[in-house]
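Shown below: work.cif, with mmCIF, N, CA and C atoms.
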```cif
data_coords
loop_
_atom_site.label_atom_id
_atom_site.label_comp_id
_atom_site.auth_asym_id
_atom_site.auth_seq_id
_atom_site.Cartn_x
_atom_site.Cartn_y
_atom_site.Cartn_z
N MET W 146 -55.99 -8.68 -18.68
CA MET W 146 -56.59 -8.36 -17.42
C MET W 146 -57.79 -7.46 -17.67
N VAL W 147 -58.87 -7.75 -16.99
CA VAL W 147 -60.09 -6.97 -17.15
C VAL W 147 -60.12 -5.89 -16.08
N MET W 148 -60.26 -4.64 -16.51
CA MET W 148 -60.32 -3.52 -15.57
C MET W 148 -61.77 -3.08 -15.44
N LYS W 149 -62.21 -2.87 -14.23
CA LYS W 149 -63.56 -2.40 -13.99
C LYS W 149 -63.57 -0.88 -14.09
N SER W 150 -64.50 -0.35 -14.87
CA SER W 150 -64.58 1.11 -14.97
C SER W 150 -65.40 1.64 -13.80
N PHE W 151 -64.97 2.76 -13.28
CA PHE W 151 -65.65 3.35 -12.14
C PHE W 151 -66.59 4.44 -12.63
N GLY W 152 -67.68 4.60 -11.92
CA GLY W 152 -68.68 5.60 -12.29
C GLY W 152 -68.31 6.97 -11.79
N TRP W 153 -69.15 7.92 -12.14
CA TRP W 153 -68.89 9.30 -11.75
C TRP W 153 -69.03 9.49 -10.25
N ARG W 154 -69.85 8.67 -9.58
CA ARG W 154 -70.01 8.79 -8.13
C ARG W 154 -68.72 8.40 -7.41
N THR W 155 -68.07 7.37 -7.89
CA THR W 155 -66.81 6.96 -7.29
C THR W 155 -65.75 8.03 -7.50
N ALA W 156 -65.69 8.58 -8.71
CA ALA W 156 -64.72 9.64 -8.99
C ALA W 156 -64.99 10.87 -8.13
N LEU W 157 -66.27 11.22 -7.97
CA LEU W 157 -66.62 12.36 -7.12
C LEU W 157 -66.23 12.09 -5.67
N GLY W 158 -66.44 10.88 -5.22
CA GLY W 158 -66.06 10.52 -3.85
C GLY W 158 -64.56 10.63 -3.63
N VAL W 159 -63.79 10.17 -4.60
CA VAL W 159 -62.33 10.26 -4.48
C VAL W 159 -61.89 11.72 -4.46
N VAL W 160 -62.47 12.54 -5.32
CA VAL W 160 -62.12 13.96 -5.35
C VAL W 160 -62.47 14.63 -4.03
N LEU W 161 -63.63 14.31 -3.47
CA LEU W 161 -64.03 14.91 -2.19
C LEU W 161 -63.12 14.48 -1.05
N VAL W 162 -62.72 13.22 -1.02
CA VAL W 162 -61.82 12.74 0.03
C VAL W 162 -60.46 13.42 -0.09
N VAL W 163 -59.94 13.53 -1.29
CA VAL W 163 -58.64 14.19 -1.49
C VAL W 163 -58.73 15.66 -1.10
N ALA W 164 -59.82 16.33 -1.47
CA ALA W 164 -59.99 17.74 -1.11
C ALA W 164 -60.08 17.90 0.40
N TRP W 165 -60.79 17.00 1.07
CA TRP W 165 -60.89 17.06 2.53
C TRP W 165 -59.53 16.85 3.17
N LEU W 166 -58.74 15.92 2.67
CA LEU W 166 -57.41 15.68 3.22
C LEU W 166 -56.51 16.89 3.05
N VAL W 167 -56.61 17.55 1.91
CA VAL W 167 -55.79 18.75 1.68
C VAL W 167 -56.18 19.85 2.65
N VAL W 168 -57.47 20.04 2.86
CA VAL W 168 -57.94 21.09 3.77
C VAL W 168 -57.60 20.73 5.21
N ALA W 169 -57.68 19.45 5.57
CA ALA W 169 -57.40 19.03 6.94
C ALA W 169 -55.93 19.18 7.30
N VAL W 170 -55.05 19.12 6.33
CA VAL W 170 -53.62 19.23 6.59
C VAL W 170 -53.20 20.68 6.78
N ALA W 171 -53.93 21.62 6.25
CA ALA W 171 -53.55 23.04 6.31
C ALA W 171 -53.32 23.54 7.74
N PRO W 172 -54.19 23.26 8.72
CA PRO W 172 -53.92 23.76 10.08
C PRO W 172 -52.67 23.12 10.71
N ALA W 173 -52.30 21.93 10.31
CA ALA W 173 -51.13 21.27 10.88
C ALA W 173 -49.84 21.97 10.48
N ASP W 174 -49.86 22.74 9.40
CA ASP W 174 -48.65 23.44 8.96
C ASP W 174 -48.22 24.50 9.97
N ALA W 175 -49.15 25.05 10.74
CA ALA W 175 -48.82 26.08 11.72
C ALA W 175 -47.93 25.53 12.83
N GLN W 176 -48.04 24.26 13.11
CA GLN W 176 -47.23 23.67 14.17
C GLN W 176 -45.76 23.59 13.78
N CYS W 177 -45.46 23.50 12.51
CA CYS W 177 -44.08 23.38 12.06
C CYS W 177 -43.26 24.61 12.44
N VAL W 178 -43.86 25.79 12.41
CA VAL W 178 -43.15 27.00 12.78
C VAL W 178 -42.75 26.94 14.25
N MET W 179 -43.64 26.47 15.09
CA MET W 179 -43.33 26.36 16.51
C MET W 179 -42.24 25.34 16.75
N CYS W 180 -42.29 24.24 16.03
CA CYS W 180 -41.25 23.21 16.18
C CYS W 180 -39.90 23.76 15.74
N ARG W 181 -39.88 24.46 14.61
CA ARG W 181 -38.62 25.02 14.12
C ARG W 181 -38.04 26.02 15.11
N THR W 182 -38.88 26.85 15.68
CA THR W 182 -38.42 27.83 16.65
C THR W 182 -37.83 27.14 17.88
N ALA W 183 -38.49 26.09 18.34
CA ALA W 183 -37.99 25.37 19.51
C ALA W 183 -36.69 24.65 19.20
N LEU W 184 -36.59 24.09 18.00
CA LEU W 184 -35.38 23.34 17.65
C LEU W 184 -34.21 24.24 17.29
N ASP W 185 -34.47 25.49 16.95
CA ASP W 185 -33.38 26.41 16.65
C ASP W 185 -32.71 26.94 17.90
N SER W 186 -33.34 26.76 19.04
CA SER W 186 -32.72 27.21 20.29
C SER W 186 -31.55 26.29 20.63
N PRO W 187 -30.62 26.73 21.46
CA PRO W 187 -29.46 25.89 21.81
C PRO W 187 -29.85 24.56 22.45
N GLU W 188 -30.91 24.55 23.26
CA GLU W 188 -31.34 23.30 23.89
C GLU W 188 -31.98 22.36 22.87
N GLY W 189 -32.59 22.93 21.86
CA GLY W 189 -33.32 22.13 20.89
C GLY W 189 -32.45 21.46 19.86
N ARG W 190 -31.24 21.94 19.67
CA ARG W 190 -30.38 21.35 18.65
C ARG W 190 -30.04 19.89 18.95
N MET W 191 -30.01 19.55 20.22
CA MET W 191 -29.72 18.16 20.59
C MET W 191 -30.91 17.25 20.31
N MET W 192 -32.10 17.83 20.24
CA MET W 192 -33.30 17.02 20.03
C MET W 192 -33.61 16.77 18.56
N ILE W 193 -32.88 17.38 17.65
CA ILE W 193 -33.18 17.25 16.22
C ILE W 193 -33.09 15.80 15.76
N ALA W 194 -32.03 15.10 16.15
CA ALA W 194 -31.88 13.70 15.73
C ALA W 194 -33.00 12.84 16.31
N ALA W 195 -33.36 13.08 17.55
CA ALA W 195 -34.45 12.32 18.17
C ALA W 195 -35.78 12.61 17.49
N LEU W 196 -36.00 13.86 17.11
CA LEU W 196 -37.23 14.23 16.43
C LEU W 196 -37.32 13.55 15.07
N ARG W 197 -36.23 13.53 14.34
CA ARG W 197 -36.23 12.87 13.03
C ARG W 197 -36.46 11.37 13.17
N ALA W 198 -35.84 10.76 14.17
CA ALA W 198 -36.05 9.32 14.40
C ALA W 198 -37.51 9.06 14.78
N GLY W 199 -38.09 9.93 15.59
CA GLY W 199 -39.49 9.77 15.97
C GLY W 199 -40.42 9.88 14.78
N ILE W 200 -40.12 10.78 13.87
CA ILE W 200 -40.94 10.92 12.66
C ILE W 200 -40.87 9.64 11.83
N LEU W 201 -39.69 9.08 11.70
CA LEU W 201 -39.55 7.83 10.93
C LEU W 201 -40.29 6.68 11.59
N VAL W 202 -40.24 6.62 12.91
CA VAL W 202 -40.96 5.56 13.63
C VAL W 202 -42.46 5.71 13.43
N LEU W 203 -42.96 6.94 13.49
CA LEU W 203 -44.39 7.17 13.30
C LEU W 203 -44.83 6.89 11.87
N LEU W 204 -43.94 7.06 10.91
CA LEU W 204 -44.28 6.78 9.51
C LEU W 204 -44.23 5.29 9.17
N ALA W 205 -43.58 4.50 10.00
CA ALA W 205 -43.41 3.07 9.69
C ALA W 205 -44.75 2.34 9.63
N ALA W 206 -45.63 2.58 10.58
CA ALA W 206 -46.91 1.86 10.62
C ALA W 206 -47.80 2.15 9.41
N PRO W 207 -48.00 3.40 9.01
CA PRO W 207 -48.83 3.62 7.82
C PRO W 207 -48.22 3.03 6.55
N PHE W 208 -46.90 3.12 6.41
CA PHE W 208 -46.28 2.54 5.23
C PHE W 208 -46.41 1.02 5.24
N ALA W 209 -46.26 0.40 6.39
CA ALA W 209 -46.42 -1.06 6.48
C ALA W 209 -47.86 -1.46 6.17
N ALA W 210 -48.82 -0.72 6.70
CA ALA W 210 -50.22 -1.04 6.44
C ALA W 210 -50.55 -0.88 4.95
N PHE W 211 -50.10 0.21 4.35
CA PHE W 211 -50.34 0.42 2.92
C PHE W 211 -49.66 -0.66 2.10
N GLY W 212 -48.46 -1.02 2.47
CA GLY W 212 -47.74 -2.07 1.75
C GLY W 212 -48.46 -3.41 1.82
N CYS W 213 -48.99 -3.75 2.99
CA CYS W 213 -49.73 -5.01 3.13
C CYS W 213 -51.00 -5.00 2.29
N VAL W 214 -51.73 -3.91 2.35
CA VAL W 214 -52.97 -3.81 1.56
C VAL W 214 -52.65 -3.90 0.07
N ALA W 215 -51.62 -3.19 -0.37
CA ALA W 215 -51.24 -3.23 -1.78
C ALA W 215 -50.80 -4.63 -2.20
N TYR W 216 -50.02 -5.30 -1.34
CA TYR W 216 -49.56 -6.65 -1.65
C TYR W 216 -50.73 -7.60 -1.83
N PHE W 217 -51.67 -7.58 -0.88
CA PHE W 217 -52.80 -8.50 -0.97
C PHE W 217 -53.73 -8.14 -2.13
N ALA W 218 -53.85 -6.87 -2.47
CA ALA W 218 -54.68 -6.47 -3.61
C ALA W 218 -54.07 -6.97 -4.92
N VAL W 219 -52.76 -6.81 -5.07
CA VAL W 219 -52.09 -7.28 -6.29
C VAL W 219 -52.15 -8.79 -6.38
N ARG W 220 -51.93 -9.46 -5.25
CA ARG W 220 -51.98 -10.93 -5.24
C ARG W 220 -53.37 -11.42 -5.60
N SER W 221 -54.40 -10.77 -5.08
CA SER W 221 -55.77 -11.15 -5.39
C SER W 221 -56.08 -10.95 -6.87
N GLN W 222 -55.65 -9.83 -7.43
CA GLN W 222 -55.89 -9.57 -8.85
C GLN W 222 -55.19 -10.60 -9.72
N ARG W 223 -53.97 -10.96 -9.35
CA ARG W 223 -53.23 -11.95 -10.14
C ARG W 223 -53.90 -13.32 -10.06
N GLN W 224 -54.42 -13.68 -8.88
CA GLN W 224 -55.11 -14.96 -8.74
C GLN W 224 -56.38 -14.97 -9.57
N LEU W 225 -57.13 -13.86 -9.55
CA LEU W 225 -58.34 -13.78 -10.37
C LEU W 225 -58.02 -13.88 -11.86
N ALA W 226 -56.95 -13.22 -12.27
CA ALA W 226 -56.57 -13.26 -13.68
C ALA W 226 -56.16 -14.67 -14.09
N SER W 227 -55.41 -15.36 -13.24
CA SER W 227 -54.99 -16.71 -13.59
C SER W 227 -56.17 -17.67 -13.60
N GLN W 228 -57.15 -17.47 -12.71
CA GLN W 228 -58.34 -18.31 -12.71
C GLN W 228 -59.17 -18.08 -13.96
N GLN W 229 -59.26 -16.84 -14.41
CA GLN W 229 -60.01 -16.54 -15.62
C GLN W 229 -59.32 -17.14 -16.84
N GLU W 230 -57.99 -17.10 -16.87
CA GLU W 230 -57.26 -17.69 -17.99
C GLU W 230 -57.44 -19.19 -18.02
N GLU W 231 -57.46 -19.84 -16.85
CA GLU W 231 -57.65 -21.29 -16.79
C GLU W 231 -59.06 -21.67 -17.23
N SER W 232 -60.05 -20.86 -16.86
CA SER W 232 -61.43 -21.18 -17.24
C SER W 232 -61.67 -20.96 -18.73
N GLU W 233 -60.92 -20.04 -19.34
CA GLU W 233 -61.07 -19.78 -20.77
C GLU W 233 -60.37 -20.84 -21.61
N ALA W 234 -59.35 -21.46 -21.05
CA ALA W 234 -58.57 -22.45 -21.82
C ALA W 234 -59.23 -23.79 -21.88
#
```
Could you write out this file's structure as structure tokens?
Amino acid sequence: MVMKSFGWRTALGVVLVVAWLVVAVAPADAQCVMCRTALDSPEGRMMIAALRAGILVLLAAPFAAFGCVAYFAVRSQRQLASQQEESEA
């Protein structure tokens, strides 16, 4: 399989995107304290199971999207590799 090497601009772009995502997530951590305080109250204990189920439901779409993109990327790479092997033979 032939791997394409990426340039320094692509690597810099990836580093900047990852750094931005890390910084963007930092303010969201403050909300967790408020959620924990609300769920620790007697009324909130009944909502814990619903909150966990809601989190799983919200995570389903991104995981499905990532899985589809990964599946089609791998399938495309395998098709390209098999076409290159056929053309070389």
| How many Å separate atom CA of W:Gly152 from atom N of W:Gly212? |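 About the pair atom CA of W:Gly152 and atom N of W:Gly212: they are 25.9 Å apart.
Here atom CA of W:Val178 is placed at a distance of 18.0 Å from atom N of W:Gly199.
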| message | As an exercise, work out the distance from atom CA of W:Ala183 to atom C of W:Leu196 in Å and give it to one decimal place. | response |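 Atom-to-atom, atom CA of W:Ala183 to atom C of W:Leu196, that is 12.6 Å.
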